[in-house]
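Shown below: run_7.pdb, with PDB, C-alpha atoms, pLDDT in the B column.
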```
ATOM      1  CA  MET A 167     -16.922  49.796-135.368  1.00 51.00           C
ATOM      2  CA  MET A 168     -19.310  48.020-133.037  1.00 54.00           C
ATOM      3  CA  ILE A 169     -20.159  49.752-129.771  1.00 53.00           C
ATOM      4  CA  GLU A 170     -20.869  47.523-126.804  1.00 52.00           C
ATOM      5  CA  PRO A 171     -24.234  48.094-125.108  1.00 51.00           C
ATOM      6  CA  PHE A 172     -24.127  50.002-121.848  1.00 44.00           C
ATOM      7  CA  ARG A 173     -23.833  47.742-118.837  1.00 45.00           C
ATOM      8  CA  PRO A 174     -24.811  49.295-115.522  1.00 50.00           C
ATOM      9  CA  PHE A 175     -22.127  49.465-112.881  1.00 50.00           C
ATOM     10  CA  LEU A 176     -22.543  46.947-110.102  1.00 58.00           C
ATOM     11  CA  ALA A 177     -20.598  47.423-106.915  1.00 59.00           C
ATOM     12  CA  SER A 178     -18.278  44.509-106.250  1.00 68.00           C
ATOM     13  CA  GLU A 179     -17.902  44.903-102.476  1.00 80.00           C
ATOM     14  CA  PHE A 180     -20.619  44.727 -99.843  1.00 87.00           C
ATOM     15  CA  ARG A 181     -20.886  45.042 -96.107  1.00 91.00           C
ATOM     16  CA  VAL A 182     -23.399  42.521 -94.768  1.00 95.00           C
ATOM     17  CA  LYS A 183     -24.593  43.513 -91.282  1.00 97.00           C
ATOM     18  CA  SER A 184     -27.483  44.177 -88.930  1.00 97.00           C
ATOM     19  CA  ALA A 185     -29.471  47.240 -89.975  1.00 97.00           C
ATOM     20  CA  THR A 186     -28.450  49.662 -87.234  1.00 95.00           C
ATOM     21  CA  LEU A 187     -29.326  52.983 -88.876  1.00 95.00           C
ATOM     22  CA  ALA A 188     -32.747  54.360 -89.780  1.00 96.00           C
ATOM     23  CA  TRP A 189     -31.876  54.746 -93.488  1.00 94.00           C
ATOM     24  CA  GLU A 190     -30.773  51.087 -93.609  1.00 95.00           C
ATOM     25  CA  ARG A 191     -34.056  49.906 -92.069  1.00 97.00           C
ATOM     26  CA  ASN A 192     -36.084  52.209 -94.356  1.00 97.00           C
ATOM     27  CA  ARG A 193     -34.289  51.034 -97.510  1.00 96.00           C
ATOM     28  CA  ALA A 194     -34.638  47.382 -96.415  1.00 97.00           C
ATOM     29  CA  ALA A 195     -38.398  47.897 -95.999  1.00 97.00           C
ATOM     30  CA  ALA A 196     -38.579  49.584 -99.414  1.00 96.00           C
ATOM     31  CA  LEU A 197     -36.676  46.707-101.023  1.00 97.00           C
ATOM     32  CA  ARG A 198     -39.002  44.131 -99.468  1.00 97.00           C
ATOM     33  CA  ARG A 199     -42.028  46.106-100.718  1.00 97.00           C
ATOM     34  CA  GLN A 200     -40.492  46.289-104.204  1.00 96.00           C
ATOM     35  CA  VAL A 201     -39.787  42.556-104.379  1.00 96.00           C
ATOM     36  CA  PHE A 202     -42.769  41.027-102.582  1.00 96.00           C
ATOM     37  CA  CYS A 203     -45.515  43.535-103.491  1.00 96.00           C
ATOM     38  CA  GLU A 204     -44.557  45.097-106.819  1.00 95.00           C
ATOM     39  CA  GLU A 205     -42.486  42.400-108.560  1.00 94.00           C
ATOM     40  CA  GLN A 206     -43.956  39.167-107.212  1.00 94.00           C
ATOM     41  CA  GLY A 207     -47.429  40.393-106.230  1.00 93.00           C
ATOM     42  CA  ILE A 208     -47.434  38.198-103.133  1.00 93.00           C
ATOM     43  CA  PHE A 209     -48.748  41.023-100.950  1.00 94.00           C
ATOM     44  CA  GLN A 210     -50.864  44.026-101.916  1.00 93.00           C
ATOM     45  CA  ASP A 211     -49.519  47.184-100.290  1.00 92.00           C
ATOM     46  CA  THR A 212     -47.034  45.952 -97.722  1.00 95.00           C
ATOM     47  CA  ASP A 213     -45.350  42.758 -96.628  1.00 96.00           C
ATOM     48  CA  ARG A 214     -45.051  43.971 -93.012  1.00 96.00           C
ATOM     49  CA  ASP A 215     -46.514  41.688 -90.362  1.00 96.00           C
ATOM     50  CA  ALA A 216     -46.347  41.192 -86.594  1.00 97.00           C
ATOM     51  CA  ILE A 217     -42.944  39.502 -86.885  1.00 97.00           C
ATOM     52  CA  ASP A 218     -41.414  42.841 -87.923  1.00 97.00           C
ATOM     53  CA  ASP A 219     -42.059  44.166 -84.408  1.00 96.00           C
ATOM     54  CA  ARG A 220     -39.543  41.698 -82.952  1.00 97.00           C
ATOM     55  CA  ALA A 221     -37.358  40.770 -85.943  1.00 98.00           C
ATOM     56  CA  ILE A 222     -33.761  41.826 -86.483  1.00 98.00           C
ATOM     57  CA  PRO A 223     -33.332  43.218 -90.007  1.00 98.00           C
ATOM     58  CA  LEU A 224     -30.078  42.410 -91.796  1.00 98.00           C
ATOM     59  CA  VAL A 225     -28.820  44.235 -94.867  1.00 97.00           C
ATOM     60  CA  ALA A 226     -26.253  44.029 -97.635  1.00 95.00           C
ATOM     61  CA  LEU A 227     -24.846  47.491 -98.380  1.00 93.00           C
ATOM     62  CA  SER A 228     -23.201  48.218-101.717  1.00 87.00           C
ATOM     63  CA  SER A 229     -20.050  50.301-101.501  1.00 74.00           C
ATOM     64  CA  LEU A 230     -18.621  52.934-103.793  1.00 65.00           C
ATOM     65  CA  ALA A 231     -15.056  53.637-102.742  1.00 51.00           C
ATOM     66  CA  ILE A 232     -15.348  53.681 -98.934  1.00 52.00           C
ATOM     67  CA  ALA A 233     -18.923  54.993 -98.630  1.00 50.00           C
ATOM     68  CA  HIS A 234     -21.968  52.744 -98.369  1.00 57.00           C
ATOM     69  CA  GLU A 235     -24.257  53.559-101.248  1.00 76.00           C
ATOM     70  CA  ASP A 236     -27.488  51.608-100.868  1.00 88.00           C
ATOM     71  CA  VAL A 237     -29.215  48.528 -99.494  1.00 94.00           C
ATOM     72  CA  VAL A 238     -29.051  45.854-102.204  1.00 94.00           C
ATOM     73  CA  GLY A 239     -30.284  42.936-100.107  1.00 95.00           C
ATOM     74  CA  THR A 240     -32.107  42.220 -96.884  1.00 98.00           C
ATOM     75  CA  VAL A 241     -33.444  39.439 -94.689  1.00 98.00           C
ATOM     76  CA  ARG A 242     -34.937  39.392 -91.210  1.00 98.00           C
ATOM     77  CA  ILE A 243     -34.403  36.946 -88.356  1.00 98.00           C
ATOM     78  CA  HIS A 244     -36.320  36.367 -85.153  1.00 98.00           C
ATOM     79  CA  GLU A 245     -36.420  33.989 -82.211  1.00 98.00           C
ATOM     80  CA  ASP A 246     -39.800  32.268 -82.033  1.00 97.00           C
ATOM     81  CA  ALA A 247     -39.069  30.238 -78.871  1.00 98.00           C
ATOM     82  CA  PRO A 248     -35.905  29.746 -76.833  1.00 98.00           C
ATOM     83  CA  GLY A 249     -33.282  28.416 -79.265  1.00 98.00           C
ATOM     84  CA  LEU A 250     -35.703  28.338 -82.234  1.00 98.00           C
ATOM     85  CA  TRP A 251     -34.851  30.976 -84.851  1.00 98.00           C
ATOM     86  CA  TRP A 252     -36.451  31.806 -88.189  1.00 98.00           C
ATOM     87  CA  GLY A 253     -35.262  33.688 -91.231  1.00 98.00           C
ATOM     88  CA  SER A 254     -37.706  35.317 -93.634  1.00 98.00           C
ATOM     89  CA  ARG A 255     -38.255  37.953 -96.302  1.00 97.00           C
ATOM     90  CA  LEU A 256     -34.927  37.453 -98.097  1.00 97.00           C
ATOM     91  CA  ALA A 257     -34.859  40.001-100.913  1.00 97.00           C
ATOM     92  CA  VAL A 258     -32.126  41.129-103.331  1.00 95.00           C
ATOM     93  CA  VAL A 259     -32.350  43.904-105.931  1.00 93.00           C
ATOM     94  CA  ARG A 260     -32.769  42.528-109.447  1.00 90.00           C
ATOM     95  CA  PRO A 261     -29.328  43.354-110.936  1.00 85.00           C
ATOM     96  CA  TYR A 262     -27.576  41.367-108.184  1.00 84.00           C
ATOM     97  CA  ARG A 263     -29.780  38.265-108.105  1.00 85.00           C
ATOM     98  CA  LYS A 264     -27.930  36.170-110.675  1.00 77.00           C
ATOM     99  CA  ALA A 265     -24.608  36.565-108.872  1.00 70.00           C
ATOM    100  CA  GLY A 266     -25.804  34.706-105.769  1.00 69.00           C
ATOM    101  CA  ALA A 267     -23.221  36.373-103.527  1.00 88.00           C
ATOM    102  CA  ILE A 268     -25.676  38.770-101.870  1.00 92.00           C
ATOM    103  CA  GLY A 269     -28.288  36.152-100.938  1.00 94.00           C
ATOM    104  CA  THR A 270     -25.598  33.708 -99.838  1.00 95.00           C
ATOM    105  CA  SER A 271     -23.942  36.314 -97.624  1.00 95.00           C
ATOM    106  CA  LEU A 272     -27.251  37.337 -96.042  1.00 97.00           C
ATOM    107  CA  ILE A 273     -28.118  33.695 -95.305  1.00 97.00           C
ATOM    108  CA  ARG A 274     -24.688  33.194 -93.743  1.00 97.00           C
ATOM    109  CA  LEU A 275     -25.049  36.315 -91.574  1.00 98.00           C
ATOM    110  CA  ALA A 276     -28.583  35.326 -90.530  1.00 98.00           C
ATOM    111  CA  VAL A 277     -27.676  31.856 -89.316  1.00 98.00           C
ATOM    112  CA  CYS A 278     -24.261  32.760 -87.853  1.00 98.00           C
ATOM    113  CA  SER A 279     -25.636  35.693 -85.850  1.00 97.00           C
ATOM    114  CA  ALA A 280     -28.576  33.612 -84.567  1.00 98.00           C
ATOM    115  CA  ASN A 281     -26.109  30.867 -83.682  1.00 97.00           C
ATOM    116  CA  ALA A 282     -24.229  33.372 -81.511  1.00 97.00           C
ATOM    117  CA  LYS A 283     -27.513  34.170 -79.708  1.00 97.00           C
ATOM    118  CA  GLY A 284     -28.132  30.559 -78.660  1.00 98.00           C
ATOM    119  CA  CYS A 285     -29.830  29.168 -81.755  1.00 98.00           C
ATOM    120  CA  ARG A 286     -30.322  25.406 -81.611  1.00 98.00           C
ATOM    121  CA  ARG A 287     -32.569  25.224 -84.694  1.00 98.00           C
ATOM    122  CA  PHE A 288     -32.849  27.674 -87.615  1.00 98.00           C
ATOM    123  CA  LEU A 289     -35.815  27.388 -89.978  1.00 98.00           C
ATOM    124  CA  ALA A 290     -37.214  29.188 -93.016  1.00 98.00           C
ATOM    125  CA  HIS A 291     -39.956  28.905 -95.600  1.00 98.00           C
ATOM    126  CA  VAL A 292     -38.074  29.299 -98.870  1.00 98.00           C
ATOM    127  CA  GLN A 293     -39.695  29.953-102.229  1.00 96.00           C
ATOM    128  CA  SER A 294     -39.288  26.742-104.231  1.00 97.00           C
ATOM    129  CA  GLN A 295     -37.191  28.327-106.982  1.00 94.00           C
ATOM    130  CA  ASN A 296     -34.616  29.296-104.319  1.00 94.00           C
ATOM    131  CA  ALA A 297     -34.418  25.883-102.617  1.00 97.00           C
ATOM    132  CA  PRO A 298     -31.384  24.722-104.689  1.00 96.00           C
ATOM    133  CA  LEU A 299     -29.347  27.660-103.377  1.00 94.00           C
ATOM    134  CA  PHE A 300     -30.256  26.747 -99.795  1.00 97.00           C
ATOM    135  CA  HIS A 301     -29.449  23.072-100.396  1.00 98.00           C
ATOM    136  CA  ALA A 302     -25.987  24.122-101.608  1.00 96.00           C
ATOM    137  CA  LEU A 303     -25.596  26.070 -98.346  1.00 97.00           C
ATOM    138  CA  HIS A 304     -26.256  23.007 -96.149  1.00 98.00           C
ATOM    139  CA  TRP A 305     -29.992  23.354 -95.637  1.00 98.00           C
ATOM    140  CA  THR A 306     -32.417  20.435 -95.674  1.00 98.00           C
ATOM    141  CA  THR A 307     -35.975  20.440 -96.967  1.00 98.00           C
ATOM    142  CA  LEU A 308     -38.308  19.167 -94.252  1.00 98.00           C
ATOM    143  CA  GLY A 309     -41.454  19.458 -96.370  1.00 98.00           C
ATOM    144  CA  GLU A 310     -43.197  21.481 -99.040  1.00 98.00           C
ATOM    145  CA  VAL A 311     -46.044  23.935 -98.425  1.00 97.00           C
ATOM    146  CA  VAL A 312     -47.992  26.613-100.243  1.00 97.00           C
ATOM    147  CA  LEU A 313     -47.778  30.077 -98.614  1.00 95.00           C
ATOM    148  CA  HIS A 314     -49.495  33.157 -99.999  1.00 91.00           C
ATOM    149  CA  GLY A 315     -50.388  31.129-103.101  1.00 92.00           C
ATOM    150  CA  HIS A 316     -46.767  30.195-103.902  1.00 94.00           C
ATOM    151  CA  PRO A 317     -44.899  26.899-103.403  1.00 97.00           C
ATOM    152  CA  HIS A 318     -42.289  26.969-100.634  1.00 97.00           C
ATOM    153  CA  HIS A 319     -39.860  24.542 -99.035  1.00 98.00           C
ATOM    154  CA  PHE A 320     -39.927  24.308 -95.248  1.00 98.00           C
ATOM    155  CA  MET A 321     -36.179  24.168 -94.568  1.00 98.00           C
ATOM    156  CA  GLN A 322     -33.669  23.825 -91.740  1.00 98.00           C
ATOM    157  CA  ALA A 323     -30.039  24.990 -91.667  1.00 98.00           C
ATOM    158  CA  ASP A 324     -27.255  22.649 -90.598  1.00 98.00           C
ATOM    159  CA  LEU A 325     -25.779  24.775 -87.791  1.00 98.00           C
ATOM    160  CA  ALA A 326     -22.442  22.932 -87.995  1.00 97.00           C
ATOM    161  CA  TYR A 327     -21.678  24.971 -91.141  1.00 97.00           C
ATOM    162  CA  TYR A 328     -22.494  28.330 -89.526  1.00 98.00           C
ATOM    163  CA  PRO A 329     -20.064  29.354 -86.759  1.00 97.00           C
ATOM    164  CA  PRO A 330     -21.347  31.931 -84.249  1.00 97.00           C
ATOM    165  CA  LEU A 331     -20.852  35.558 -85.280  1.00 96.00           C
ATOM    166  CA  THR A 332     -20.997  37.800 -82.216  1.00 96.00           C
ATOM    167  CA  THR A 333     -20.656  41.122 -84.065  1.00 95.00           C
ATOM    168  CA  PRO A 334     -23.586  41.286 -86.525  1.00 95.00           C
ATOM    169  CA  GLU A 335     -23.712  45.095 -86.203  1.00 95.00           C
ATOM    170  CA  THR A 336     -20.279  45.103 -87.898  1.00 92.00           C
ATOM    171  CA  GLY A 337     -20.928  42.000 -89.998  1.00 92.00           C
ATOM    172  CA  PHE A 338     -18.431  41.188 -92.718  1.00 91.00           C
ATOM    173  CA  LEU A 339     -17.358  42.121 -96.220  1.00 89.00           C
ATOM    174  CA  SER A 340     -18.524  40.114 -99.201  1.00 86.00           C
ATOM    175  CA  HIS A 341     -17.295  40.373-102.757  1.00 79.00           C
ATOM    176  CA  LEU A 342     -19.124  39.957-106.042  1.00 70.00           C
ATOM    177  CA  LYS A 343     -17.267  38.563-109.041  1.00 63.00           C
ATOM    178  CA  GLN A 344     -18.113  40.650-112.072  1.00 51.00           C
ATOM    179  CA  ALA A 345     -18.342  39.212-115.561  1.00 45.00           C
ATOM    180  CA  ALA A 346     -15.744  40.571-117.933  1.00 39.00           C
TER
END
```
Starting from the file, lay out its structure as structure tokens.
Amino acid sequence: MMIEPFRPFLASEFRVKSATLAWERNRAAALRRQVFCEEQGIFQDTDRDAIDDRAIPLVALSSLAIAHEDVVGTVRIHEDAPGLWWGSRLAVVRPYRKAGAIGTSLIRLAVCSANAKGCRRFLAHVQSQNAPLFHALHWTTLGEVVLHGHPHHFMQADLAYYPPLTTPETGFLSHLKQAA
């Protein structure tokens, strides 16, 4: 008899929302540190910068039954000038990266919530390996740059595909399809 290898449980439902609670903000910061400092080595000790002082952190919360378990994805948004919004520091925990649902949902929340706040242009510097995902989500590459020693696409969202979301503190539910 062959025993299947253990596969870790991955939650299949997520609430994607603004980080409104201290534990959500703390776990989002820890996830960013894990991804950008420890895994990718882009930053040494922290990826925090001056933008964090004015940015709105967004999170994807995994759910077990009806309770939120942990932050499994995050991104931050900020208004740089009237109507000009930026998204940055998109990070997803490793086991959920291949599914695409977490990153896609965070991108959707980021642009839709900025759109509700008067966004007329939404930009991001996207690591080159992630550009195809953004292209599929109606983003356009405006140019290519090297940031922190890594190739990035300078990209803009097509706001026509992102209707305003006026309740980012509630956000929305997203579902992950699990492999059988």
(message) Using the chain letters and numbers from this file, what does the PyMOL selection byres ((chain A and resi 301-303) around 12) select? Give the answer as a PyMOL selection string.
(response) chain A and resi 266-267+269-274+277+292+294-300+304-308+319-328
(request) Any chance you could resolve the PyMOL selection byres ((chain A and resi 207-217) around 9) against this file and give the residues as number ranges by chain? (result) A: 195, 198-199, 201-206, 218-221, 244, 255, 314-316
(request) Figure out the distance between CA of Leu342 (chain A) and CA of Arg242 (chain A), please, to one decimal in Å. (result)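 Interatomic distance, CA of Arg242 (chain A) to CA of Leu342 (chain A): 21.7 Å.
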(request) Starting from the shown file, work through the PyMOL selection byres ((chain A and resi 280) around 9) and note down what comes out as a ChimeraX atom specification. (result) /A:243-245,249,251-252,275-279,281-286,288,330-332
(request) Give the answer as one residue: which of A:Ala257, A:Glu335, A:Ser229, A:Gln293 has the shortest atom-to-atom distance to Thr186 (chain A), using all atoms listed in the file? (result)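 Among the listed residues, the smallest separation from Thr186 (chain A) belongs to A:Glu335.
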(request) State, in Å with one decimal place, the distance from CA of Pro329 (chain A) to CA of Arg287 (chain A). (result)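 We find that CA of Pro329 (chain A) and CA of Arg287 (chain A) lie 13.3 Å from each other.
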(message) To one decimal place in Å, what is the distance between CA of Thr336 (chain A) and CA of Glu190 (chain A)?
(response)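 Interatomic distance, CA of Thr336 (chain A) to CA of Glu190 (chain A): 13.4 Å.
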Is it possible to get the axis-aligned box enclosing region 292-306 of chain A (all listed atoms, 6 Å extra per side) as lines of an AutoDock Vina configuration file, with centre and edge lengths in Å rounded to one decimal?
```
center_x = -32.6
center_y = 25.2
center_z = -101.3
size_x = 26.1
size_y = 21.5
size_z = 23.3
```
(message) I'd like to know which of A:Leu250, A:Pro334, A:Leu339, A:Val238 is closest to Ser184 (chain A), using all atoms listed in the file.
(response) A:Pro334
(request) Using all atoms listed in the file, find the one residue out of A:Gly239, A:Pro223, A:Gly337, A:Pro317 that sits nearest to Pro261 (chain A). (result) A:Gly239
